[in-house]
Every structure is written in structure tokens, then in C-alpha cells.
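The data block below is query14.txt; it holds compact mmCIF, C-alpha atoms.
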```
# COMPACT_ATOMS: atom_id res chain seq x y z
CA MET A 13 -7.57 96.31 80.46
CA GLY A 14 -4.29 94.60 79.59
CA VAL A 15 -1.58 93.77 82.11
CA LYS A 16 0.78 96.37 80.69
CA ARG A 17 -1.79 99.16 80.87
CA GLY A 18 -2.77 98.11 84.39
CA VAL A 19 0.87 98.29 85.52
CA ASP A 20 1.23 101.69 83.87
CA ILE A 21 -1.79 103.05 85.73
CA VAL A 22 -0.91 101.63 89.16
CA VAL A 23 2.89 101.79 89.19
CA GLY A 24 3.01 104.87 86.94
CA THR A 25 0.70 106.80 89.29
CA VAL A 26 2.76 105.85 92.34
CA LEU A 27 6.03 106.83 90.66
CA ALA A 28 4.55 110.11 89.39
CA VAL A 29 3.37 111.07 92.89
CA VAL A 30 6.72 110.10 94.46
CA ALA A 31 8.68 111.98 91.77
CA LEU A 32 6.60 115.17 91.90
CA PRO A 33 8.47 116.81 94.85
CA LEU A 34 11.82 116.07 93.18
CA ILE A 35 10.53 117.47 89.89
CA LEU A 36 9.59 120.70 91.68
CA VAL A 37 13.04 120.95 93.28
CA LEU A 38 14.77 120.33 89.94
CA ALA A 39 12.50 122.89 88.28
CA VAL A 40 13.54 125.54 90.80
CA GLY A 41 17.20 124.68 90.18
CA ALA A 42 16.71 124.94 86.40
CA ALA A 43 14.91 128.29 86.74
CA VAL A 44 17.71 129.74 88.86
CA THR A 45 20.51 128.30 86.70
CA LEU A 46 19.10 129.12 83.26
CA ARG A 47 16.94 132.14 84.16
CA ALA A 48 14.08 130.76 82.10
CA TRP A 49 10.85 128.82 82.49
CA PRO A 50 12.11 125.50 83.96
CA ILE A 51 9.80 123.08 82.15
CA PHE A 52 10.63 122.51 78.50
CA VAL A 53 7.86 121.07 76.32
CA GLN A 54 8.56 119.47 72.96
CA ASP A 55 6.53 117.75 70.24
CA ARG A 56 7.14 114.00 70.04
CA ILE A 57 5.56 111.19 68.03
CA GLY A 58 3.43 108.77 70.05
CA LYS A 59 1.34 105.68 69.43
CA ASP A 60 -0.10 105.37 65.91
CA GLY A 61 1.89 108.41 64.82
CA ARG A 62 -0.07 110.88 66.93
CA THR A 63 1.93 113.88 68.12
CA PHE A 64 1.90 114.77 71.82
CA ARG A 65 3.63 117.29 74.05
CA LEU A 66 6.49 115.82 76.08
CA PRO A 67 7.68 117.73 79.19
CA LYS A 68 11.24 117.77 80.50
CA VAL A 69 13.10 119.80 83.10
CA ARG A 70 15.00 122.43 81.12
CA THR A 71 18.72 121.67 80.82
CA LEU A 72 19.70 123.80 77.81
CA PRO A 73 19.93 127.59 77.36
CA PRO A 74 16.51 128.98 76.32
CA ASP A 75 17.79 130.10 72.91
CA THR A 76 18.67 126.49 71.90
CA ALA A 77 16.58 125.25 68.96
CA SER A 78 13.99 122.68 70.06
CA SER A 79 15.00 120.33 67.22
CA THR A 80 18.68 120.20 68.24
CA ASP A 81 19.88 116.57 68.26
CA LYS A 82 22.60 115.02 70.41
CA TYR A 83 25.40 115.62 67.92
CA SER A 84 24.52 119.29 67.56
CA LEU A 85 24.60 119.69 71.34
CA SER A 86 28.40 119.50 71.23
CA LYS A 87 28.28 123.16 70.13
CA VAL A 88 25.99 124.23 72.98
CA ARG A 89 27.32 125.44 76.34
CA ILE A 90 25.36 123.39 78.86
CA PRO A 91 25.58 124.51 82.51
CA ALA A 92 26.92 121.95 84.99
CA PHE A 93 23.45 121.60 86.53
CA GLY A 94 22.01 120.72 83.14
CA ARG A 95 24.80 118.23 82.37
CA VAL A 96 24.10 116.36 85.62
CA LEU A 97 20.39 116.18 84.87
CA ARG A 98 21.00 114.90 81.35
CA ARG A 99 23.59 112.32 82.45
CA THR A 100 21.29 110.94 85.16
CA HIS A 101 18.09 111.33 83.07
CA LEU A 102 16.51 113.28 85.93
CA ASP A 103 15.36 115.85 83.39
CA GLU A 104 12.98 113.20 82.05
CA LEU A 105 11.09 112.67 85.33
CA PRO A 106 8.10 114.86 84.28
CA GLN A 107 7.32 112.24 81.63
CA LEU A 108 6.08 109.98 84.42
CA LEU A 109 3.08 112.31 84.71
CA LEU A 110 1.98 111.23 81.22
CA VAL A 111 1.95 107.50 81.98
CA PRO A 112 -1.33 107.26 83.95
CA PHE A 113 -3.09 109.22 81.19
CA GLY A 114 -2.00 106.78 78.48
CA LEU A 115 0.22 109.12 76.44
CA MET A 116 3.30 107.14 77.46
CA SER A 117 4.12 103.78 79.02
CA LEU A 118 6.74 103.01 81.64
CA VAL A 119 8.56 100.83 79.08
CA GLY A 120 8.56 101.21 75.31
CA PRO A 121 10.48 102.79 72.43
CA ARG A 122 11.55 106.33 73.27
CA PRO A 123 9.36 108.96 71.55
CA GLU A 124 11.17 110.75 68.74
CA MET A 125 11.01 114.34 67.52
CA PRO A 126 9.03 114.65 64.25
CA GLU A 127 11.96 116.39 62.50
CA VAL A 128 14.32 113.53 63.36
CA ALA A 129 11.77 110.77 62.69
CA ALA A 130 11.38 112.17 59.17
CA ARG A 131 14.91 110.87 58.51
CA TYR A 132 14.04 107.33 59.62
CA PRO A 133 12.98 104.53 57.27
CA VAL A 134 9.17 104.61 57.08
CA GLU A 135 8.80 100.98 58.17
CA PHE A 136 10.95 101.59 61.26
CA VAL A 137 8.74 104.51 62.31
CA ALA A 138 5.65 102.34 61.82
CA GLU A 139 7.18 99.58 63.97
CA ARG A 140 8.09 101.96 66.79
CA THR A 141 4.73 103.75 66.86
CA SER A 142 2.68 100.55 66.95
CA VAL A 143 2.93 100.74 70.76
CA ARG A 144 2.96 103.55 73.33
CA PRO A 145 6.35 105.26 73.71
CA GLY A 146 8.15 104.57 76.96
CA CYS A 147 9.98 106.40 79.72
CA THR A 148 12.75 103.80 79.45
CA CYS A 149 13.75 101.15 76.93
CA LEU A 150 16.51 98.77 75.84
CA TRP A 151 18.14 101.40 73.63
CA GLN A 152 18.34 103.92 76.48
CA LEU A 153 20.12 101.34 78.66
CA SER A 154 22.71 100.54 75.97
CA ASP A 155 25.95 102.21 74.90
CA SER A 156 24.11 103.26 71.74
CA ALA A 157 22.13 105.82 73.74
CA SER A 158 25.04 108.21 73.27
CA GLY A 159 23.97 108.46 69.61
CA LEU A 160 20.64 108.65 67.81
CA ILE A 161 17.90 106.01 67.96
CA TYR A 162 17.96 105.14 64.26
CA GLU A 163 21.68 104.33 64.46
CA ALA A 164 20.87 101.24 66.54
CA PRO A 165 17.35 100.12 65.55
CA GLU A 166 18.02 96.56 66.70
CA TYR A 167 17.17 97.46 70.31
CA ASP A 168 13.67 98.70 69.54
CA ARG A 169 13.07 95.82 67.14
CA ALA A 170 14.17 93.30 69.77
CA TYR A 171 11.81 94.89 72.29
CA LEU A 172 8.86 94.81 69.89
CA LEU A 173 9.60 91.18 69.04
CA HIS A 174 9.94 89.97 72.62
CA SER A 175 7.84 92.48 74.58
CA GLY A 176 5.81 91.22 77.50
CA PRO A 177 5.41 91.73 81.27
CA LEU A 178 8.63 89.87 82.09
CA LEU A 179 10.76 91.86 79.66
CA ASP A 180 9.21 95.11 80.92
CA ALA A 181 10.02 94.07 84.50
CA TRP A 182 13.63 93.29 83.54
CA ILE A 183 14.02 96.66 81.78
CA LEU A 184 12.62 98.50 84.82
CA TYR A 185 15.02 96.55 87.04
CA ARG A 186 17.99 97.46 84.84
CA THR A 187 16.84 101.08 84.76
CA ALA A 188 16.86 101.19 88.57
CA ARG A 189 20.18 99.34 88.67
CA ALA A 190 21.73 101.98 86.37
CA TRP A 191 21.74 104.33 89.38
CA LEU A 192 24.03 102.02 91.34
CA PRO A 193 27.84 102.36 91.32
CA LYS A 194 29.70 100.32 88.72
CA SER A 195 26.57 99.73 86.67
CA SER A 196 27.18 98.92 83.02
CA ALA A 197 25.34 99.40 79.76
CA ILE A 198 23.53 96.44 78.22
CA ASP A 199 23.60 94.81 74.81
CA LEU A 200 21.18 92.35 73.26
CA GLY A 201 23.16 89.39 74.51
CA ASP A 202 22.31 90.43 78.10
CA LEU A 203 18.60 89.74 77.63
CA PRO A 204 17.69 86.76 79.84
CA ALA A 205 15.79 83.95 78.14
CA TRP A 206 13.08 84.03 80.82
CA ALA A 207 12.28 87.67 79.97
CA CYS A 208 11.64 86.98 76.28
CA ARG A 209 8.45 85.62 74.80
CA PRO A 210 8.66 81.79 74.79
CA ALA A 211 7.57 81.78 71.14
CA PHE A 212 10.82 83.42 70.08
CA PRO A 213 14.50 82.66 70.67
CA LYS A 214 16.74 85.13 72.43
CA PRO A 215 17.88 87.95 70.09
CA ASP A 216 21.51 86.78 70.20
CA LEU A 217 20.38 83.38 68.87
CA LEU A 218 18.78 84.97 65.83
CA GLU A 219 22.09 86.34 64.68
CA PRO A 220 25.33 87.36 66.44
CA GLU A 221 24.83 90.78 68.05
CA GLY A 222 27.58 92.43 66.04
CA GLN A 223 26.02 91.24 62.79
CA ILE A 224 22.60 92.52 63.86
CA ARG A 225 24.05 95.94 64.57
CA THR A 226 26.00 96.05 61.31
CA ALA A 227 23.04 94.92 59.20
CA ALA A 228 20.63 97.31 60.89
CA ARG A 229 22.88 100.31 60.49
CA ALA A 230 23.58 99.44 56.86
CA HIS A 231 19.82 99.29 56.27
CA VAL A 232 19.31 102.70 57.89
CA GLU A 233 22.20 104.31 56.02
CA THR A 234 20.88 102.98 52.72
CA ALA A 235 17.40 104.30 53.45
CA LEU A 236 18.74 107.72 54.38
CA ASP A 237 20.92 108.15 51.28
```

Would you mind writing the file's structure down as C-alpha cells?
Amino acid sequence: MGVKRGVDIVVGTVLAVVALPLILVLAVGAAVTLRAWPIFVQDRIGKDGRTFRLPKVRTLPPDTASSTDKYSLSKVRIPAFGRVLRRTHLDELPQLLLVPFGLMSLVGPRPEMPEVAARYPVEFVAERTSVRPGCTCLWQLSDSASGLIYEAPEYDRAYLLHSGPLLDAWILYRTARAWLPKSSAIDLGDLPAWACRPAFPKPDLLEPEGQIRTAARAHVETALD
């Protein structure tokens, strides 16, 4: 068993058990607020392209299409309770239950909806699905998380290039720190050298961060045309 999988089993199980009472409380709140079944389950793409069912606490009205992306949500009336859950990512807590079973990892590229992934460049999908999807990741901690994953592929590519126990630990630390007052989003230049694989330079030494973002988005836009 690898170190990463061992951490997922031990730490993931502990976090899942600790989170379960809160998940139940949030589920009751969602049921009362939205008058619908409180756990929303959606198809996502996992490791090696296999589809799995991803649970979330319901935050949207029950008549909202399951394939609705972030930009389309601007037209949806989301109750205040749902907005708080989405802003704090508390709606994603049920995903911790999948970690001990190997469907997800604590850290890794966020699992994408099949309908949205179909718009991604094929090679980018292959890169992302070469590992287990994660409950948190570099992209989710960045300002780019307000958009779609394929608009800022440099975060997932940096993770795949430099992934290891130290980088996972740093991402988990920054995820916990995001709950503190005055926390800020990250960019690739924030990655500490000690958290990256020694065989590779820091991402910001490969190319200035702005150029990475520009080149990556240009690549995606070209592929989607």
C-alpha cells in the first residue's frame, strides 16, 4: 500500500466519522429549506475514466438540471442556506465517505461531470484521470475556482507534476487555513519548494505564472473551437 493510499484510509476514515454528525445536521437543514431529498448524487469521472456517483448536500432547487455549470447557476435562485454551504464547501462533506473506499482521495484533481469533461481537450482529461480525484486540490484553493476547471488547467498539471506526500500535506493545510479569517486564495507562485518533488523545479520557475495561465487557456480555447 502506498503512502498516499494509507493516509487516505487512516485520515479519511477519521475525517468521515467526525464529519458524519455535521453532514446529518446539514442534510436536515437542506430538507427543510428546499423541501426535497437532502442528498444530491451526481455522476462524475474518476480514476482511469470510470464513472462514479458523487454525493453532496443539496443546495439547489430540486428542478435544477444536474448538468448545470457554475455560469448557468447565475440564473438559478439559490436559497441563503444553499449559498452558505456552497461558499464554505460544506455541501461537499459527504465526499469524505468515499475516500476510505478508494473512489476518491483527500487530495487530487476535482472530479468533473461527464457532460463538461466532454468539452475538455482529450489529453487533459487523460492527465486528470490518471490519479484518484480529490476532495480538495490546488485549483479549488485558487481564485480560478470561481470559474470552470478547464479554464485554468495549470493548477491540475502542476499538481500532477509535483504530487507527493509533502504537497498533499501543504494542500490539506491550506484547505484548513481557508476557514480562518483573512485567508487568501493561492496561485502557483505560492507553492513552497519543499512541497514539490525534488526532481522538478517550482512551477513558477518553469515559466512566469501569468504566461502559464495565458498559454494554458489559449490551448484550451483552441481545442474547444

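Near (10.0, 89.5, 84.3), the residues that fall inside 12 Å on the basis of all atoms listed in the file are His174, Ser175, Gly176, Pro177, Leu178, Leu179, Asp180, Ala181, Trp182, Ile183, Leu184, Tyr185, Arg186, Leu203, Pro204, Ala205, Trp206, Ala207, Cys208 and Arg209 of chain A.
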
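When CA of Val128 in chain A is paired with CA of Tyr162 in chain A, their separation reads 9.2 Å.
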
- Message: Which residues are close to range 94-109 of chain A, i.e. within 6 Å by only C-alpha atoms, leaving aside same-chain residues fewer than 2 positions away? Reply as a list in words.
- Response: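 With the cut-off at 6 Å, the set is Ala28, Pro67, Lys68, Val69, Thr71, Pro91, Ala92 and Val111 of chain A.
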
- Could you name the residues that touch Arg89 in chain A at 12 Å or less, counting all atoms listed in the file, but leaving out those on the same chain fewer than 6 positions away, as a ChimeraX atom specification? /A:46,71-76,95

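Remark: for Leu118 in chain A, the closest of the candidate residues A:Phe64, A:Gly41, A:Thr187, A:Arg70 is A:Thr187 (distances computed over only C-alpha atoms).
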
- Counting only C-alpha atoms, figure out which residue out of A:Lys194, A:Thr141, A:Val22, A:Tyr132 gets nearest to Ala164 in chain A. A:Tyr132

- Query: Nearest to Leu85 in chain A: which of A:Ala197, A:Glu163, A:Ser158, A:Gly146 is it, counting all atoms listed in the file?
  - Reply: A:Ser158

- Message: I'd like the contact shell of Leu172 in chain A - 10 Å cut-off, all atoms listed in the file, skipping same-chain residues fewer than 5 positions apart - returned as a ChimeraX atom specification.
- Response: /A:120-121,139-140,142-143,166-167

- Pull the neighbourhood of (23.3, 106.0, 72.7) for me: all residues within 12 Å in file coordinates, counting all atoms listed in the file, as a PyMOL selection string. chain A and resi 81-83+99+122+149-165+167+197-199

- Task: Measure the distance from CA of Cys147 in chain A to CA of Met116 in chain A in Å and round it to one decimal.
- Result: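 So the two atoms, CA of Cys147 in chain A and CA of Met116 in chain A, lie 7.1 Å apart.
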
- Task: In Å, rounded to a single decimal, give me how far CA of Val19 in chain A is from CA of Ser117 in chain A.
- Result: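 CA of Val19 in chain A lies 9.1 Å from CA of Ser117 in chain A.
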
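Distance check against Arg65 in chain A using only C-alpha atoms: of A:Phe52, A:Val119, A:Leu173, A:Leu34, the minimum falls on A:Phe52.
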